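Down below is the structure, laid out as structure tokens.
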Amino acid sequence: MKRIAAFALSTLTLAGAAMAAQLEKPTGLCAATEQNYFSCRTTRSRWIGLCGNSPRQLHYRFGTLRRIDLDYPASGDRKHPPFLYAHYMRYRTERVEVSFRNGNADYAVFDYREGRSRRAGVRVATEEGRETEFPCIGTIDSRLGALAGTLPCDTDNALNGGSCPEHGQE
């Protein structure tokens, strides 16, 4: 009987520790007061975050939970180019991108679904023609679709087919 009680107690202790670890598991780079539009961990042990108090006040963040490598736009920067929205959908396929330009690089936070497969992350392309992709691993928290109609349409993005008729030309 003592063995059963000890086993039950150790099982409850382990279950409690596992639940506590899940509660403490980081959910990304967004502040508690911000809406999380996109968040995931990358293969390079970094986090991608697209956060904001509203869709018009977005911030892109890239880095670790202890150190942000890039926070765009920088605090107080009111002259940054806008975030742009692109969307494509057909049967069993949906592709969404939110893009912006920072310095000499173009960034695209993307979430692509086709059938049962999904690919998401951020792609960075420089003027020199170098392109790097940081794919997500594990859980992907994406609400990029909520930005449709609130961000300007990216008419140069092939996903939009040259226009955004469902959301208008912003």
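By order in the structure tokens, chains are A, B, ...; within a chain, residues start at 1; ligands start at 1, following the order shown.
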
Run DSSP on the backbone and give me the residues of range 103-158 of chain A it puts in helix (DSSP H, G or I), as number ranges by chain. A: 144-147, 158

One residue among A:Ser75, A:Thr43, A:Gln57, A:Thr126 is nearest to Asp106 in chain A when using only C-alpha atoms, and that residue is A:Thr126

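Among the candidates A:Leu147, A:Val122, A:Leu159, A:Cys153, the one nearest to Trp47 in chain A when counting only C-alpha atoms is A:Val122.
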
Could you produce a table of the residues of range 31-101 of chain A lying within 6 Å of range 111-117 of chain A, with the nearest pair of atoms per residue and their separation in Å rounded to one decimal, using only C-alpha atoms, ordered by chain and increasing residue number, as JSON lines?
{"residue": "A:Arg92", "atom": "CA", "partner": "A:Gly115", "partner_atom": "CA", "distance": 5.1}
{"residue": "A:Thr93", "atom": "CA", "partner": "A:Glu114", "partner_atom": "CA", "distance": 4.3}
{"residue": "A:Glu94", "atom": "CA", "partner": "A:Arg113", "partner_atom": "CA", "distance": 5.2}
{"residue": "A:Arg95", "atom": "CA", "partner": "A:Tyr112", "partner_atom": "CA", "distance": 4.4}
{"residue": "A:Val96", "atom": "CA", "partner": "A:Asp111", "partner_atom": "CA", "distance": 5.4}

Store the residues of this selection in a file with all heavy atoms, as a PDB file, in the first residue's frame.
ATOM      1  N   ARG A  92      -7.739  24.364 -50.872  1.00  0.00           N
ATOM      2  CA  ARG A  92      -6.743  23.733 -50.009  1.00  0.00           C
ATOM      3  C   ARG A  92      -5.386  24.426 -49.979  1.00  0.00           C
ATOM      4  O   ARG A  92      -4.387  23.843 -49.599  1.00  0.00           O
ATOM      5  CB  ARG A  92      -6.572  22.265 -50.385  1.00  0.00           C
ATOM      6  CG  ARG A  92      -7.847  21.457 -50.166  1.00  0.00           C
ATOM      7  CD  ARG A  92      -7.638  20.019 -50.398  1.00  0.00           C
ATOM      8  NE  ARG A  92      -6.606  19.571 -49.443  1.00  0.00           N
ATOM      9  CZ  ARG A  92      -6.185  18.337 -49.358  1.00  0.00           C
ATOM     10  NH1 ARG A  92      -6.669  17.432 -50.145  1.00  0.00           N
ATOM     11  NH2 ARG A  92      -5.257  18.002 -48.486  1.00  0.00           N
ATOM     12  N   THR A  93      -5.342  25.667 -50.423  1.00  0.00           N
ATOM     13  CA  THR A  93      -4.088  26.422 -50.416  1.00  0.00           C
ATOM     14  C   THR A  93      -4.357  27.841 -49.936  1.00  0.00           C
ATOM     15  O   THR A  93      -5.292  28.487 -50.395  1.00  0.00           O
ATOM     16  CB  THR A  93      -3.474  26.494 -51.829  1.00  0.00           C
ATOM     17  OG1 THR A  93      -3.214  25.167 -52.278  1.00  0.00           O
ATOM     18  CG2 THR A  93      -2.200  27.308 -51.846  1.00  0.00           C
ATOM     19  N   GLU A  94      -3.533  28.306 -48.997  1.00  0.00           N
ATOM     20  CA  GLU A  94      -3.607  29.696 -48.562  1.00  0.00           C
ATOM     21  C   GLU A  94      -2.198  30.176 -48.245  1.00  0.00           C
ATOM     22  O   GLU A  94      -1.437  29.492 -47.569  1.00  0.00           O
ATOM     23  CB  GLU A  94      -4.501  29.867 -47.333  1.00  0.00           C
ATOM     24  CG  GLU A  94      -4.650  31.315 -46.933  1.00  0.00           C
ATOM     25  CD  GLU A  94      -5.702  31.544 -45.874  1.00  0.00           C
ATOM     26  OE1 GLU A  94      -6.060  30.588 -45.149  1.00  0.00           O
ATOM     27  OE2 GLU A  94      -6.147  32.689 -45.765  1.00  0.00           O
ATOM     28  N   ARG A  95      -1.882  31.351 -48.764  1.00  0.00           N
ATOM     29  CA  ARG A  95      -0.569  31.951 -48.520  1.00  0.00           C
ATOM     30  C   ARG A  95      -0.779  33.396 -48.103  1.00  0.00           C
ATOM     31  O   ARG A  95      -1.470  34.151 -48.790  1.00  0.00           O
ATOM     32  CB  ARG A  95       0.295  31.876 -49.775  1.00  0.00           C
ATOM     33  CG  ARG A  95       0.605  30.448 -50.138  1.00  0.00           C
ATOM     34  CD  ARG A  95       1.441  30.314 -51.341  1.00  0.00           C
ATOM     35  NE  ARG A  95       1.664  28.882 -51.570  1.00  0.00           N
ATOM     36  CZ  ARG A  95       2.542  28.398 -52.393  1.00  0.00           C
ATOM     37  NH1 ARG A  95       3.320  29.207 -53.082  1.00  0.00           N
ATOM     38  NH2 ARG A  95       2.680  27.105 -52.545  1.00  0.00           N
ATOM     39  N   VAL A  96      -0.154  33.763 -46.992  1.00  0.00           N
ATOM     40  CA  VAL A  96      -0.272  35.122 -46.459  1.00  0.00           C
ATOM     41  C   VAL A  96       1.131  35.625 -46.160  1.00  0.00           C
ATOM     42  O   VAL A  96       1.960  34.883 -45.618  1.00  0.00           O
ATOM     43  CB  VAL A  96      -1.121  35.148 -45.165  1.00  0.00           C
ATOM     44  CG1 VAL A  96      -1.245  36.568 -44.640  1.00  0.00           C
ATOM     45  CG2 VAL A  96      -2.490  34.533 -45.383  1.00  0.00           C
TER      46      VAL A  96
END

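Near Ile68 in chain A, within 10 Å and counting only C-alpha atoms, sit Leu29, Arg46, Trp47, Ile48, Arg61, Phe62 and Gly63 of chain A; same-chain residues fewer than 5 positions away were not included.
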
For C-alpha atoms, I'd like the residues from the last selection saved as a PDB file, in the first residue's frame.
ATOM      1  CA  LEU A  29       8.439  38.270 -28.194  1.00  0.00           C
ATOM      2  CA  ARG A  46      15.515  32.662 -32.374  1.00  0.00           C
ATOM      3  CA  TRP A  47      11.939  33.886 -32.169  1.00  0.00           C
ATOM      4  CA  ILE A  48       9.955  35.755 -34.805  1.00  0.00           C
ATOM      5  CA  ARG A  61      10.801  41.495 -33.574  1.00  0.00           C
ATOM      6  CA  PHE A  62      13.514  38.906 -34.086  1.00  0.00           C
ATOM      7  CA  GLY A  63      15.803  37.501 -31.429  1.00  0.00           C
TER       8      GLY A  63
END

Sort by chain and increasing residue number a table of all residues of range 88-170 of chain A within 8 Å of range 32-39 of chain A, each with its closest pair of atoms and their distance in Å to one decimal, counting only C-alpha atoms, and write it as a Markdown table.
| residue | atom | partner | partner_atom | distance |
| --- | --- | --- | --- | --- |
| A:Ile140 | CA | A:Ser39 | CA | 6.1 |
| A:Asp141 | CA | A:Ser39 | CA | 5.1 |
| A:Ser142 | CA | A:Phe38 | CA | 4.4 |
| A:Arg143 | CA | A:Tyr37 | CA | 4.6 |
| A:Leu144 | CA | A:Tyr37 | CA | 5.6 |
| A:Ala146 | CA | A:Tyr37 | CA | 7.7 |

How about saving the chosen residues, N, CA and C atoms kept, as a PDB file, in the first residue's frame?
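What ended up in result.pdb:
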ATOM      1  N   ILE A 140       3.276  27.218 -34.340  1.00  0.00           N
ATOM      2  CA  ILE A 140       3.188  28.488 -35.065  1.00  0.00           C
ATOM      3  C   ILE A 140       1.900  29.166 -34.629  1.00  0.00           C
ATOM      4  N   ASP A 141       2.016  30.351 -34.087  1.00  0.00           N
ATOM      5  CA  ASP A 141       0.854  31.127 -33.670  1.00  0.00           C
ATOM      6  C   ASP A 141       0.677  32.248 -34.689  1.00  0.00           C
ATOM      7  N   SER A 142      -0.273  32.083 -35.596  1.00  0.00           N
ATOM      8  CA  SER A 142      -0.427  33.037 -36.693  1.00  0.00           C
ATOM      9  C   SER A 142      -1.851  33.563 -36.777  1.00  0.00           C
ATOM     10  N   ARG A 143      -1.956  34.884 -36.765  1.00  0.00           N
ATOM     11  CA  ARG A 143      -3.221  35.584 -36.991  1.00  0.00           C
ATOM     12  C   ARG A 143      -3.005  36.646 -38.077  1.00  0.00           C
ATOM     13  N   LEU A 144      -2.180  36.306 -39.067  1.00  0.00           N
ATOM     14  CA  LEU A 144      -1.873  37.263 -40.130  1.00  0.00           C
ATOM     15  C   LEU A 144      -3.136  37.656 -40.899  1.00  0.00           C
ATOM     16  N   ALA A 146      -5.924  38.407 -39.831  1.00  0.00           N
ATOM     17  CA  ALA A 146      -6.623  39.503 -39.149  1.00  0.00           C
ATOM     18  C   ALA A 146      -6.147  40.866 -39.634  1.00  0.00           C
TER      19      ALA A 146
END

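Our summary of the geometry notes that CA of Asp154 in chain A is positioned 5.7 Å from CA of Ala86 in chain A.
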
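Here the question is which of A:Gly28, A:Gly145, A:Gly161, A:Gly52 gets nearest to Val98 in chain A using only C-alpha atoms, and that residue is A:Gly145.
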
Where does DSSP see strand (DSSP E) in range 38-132 of chain A, if you list the residues as a ChimeraX atom specification? /A:38-42,47-52,58-63,68-72,84-90,93-102,105-114,117-126,131-132

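The spacing separating CA of Pro73 in chain A from CA of Arg101 in chain A amounts to 10.0 Å.
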
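Using only C-alpha atoms for every distance, the candidate list A:Ala120, A:Leu70, A:Ala158, A:Met89 yields A:Ala120 as the residue closest to Phe134 in chain A.
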
If you measure from CA of Glu97 in chain A to CA of Leu151 in chain A, what distance in Å do you get, rounded to one decimal? 11.2 Å
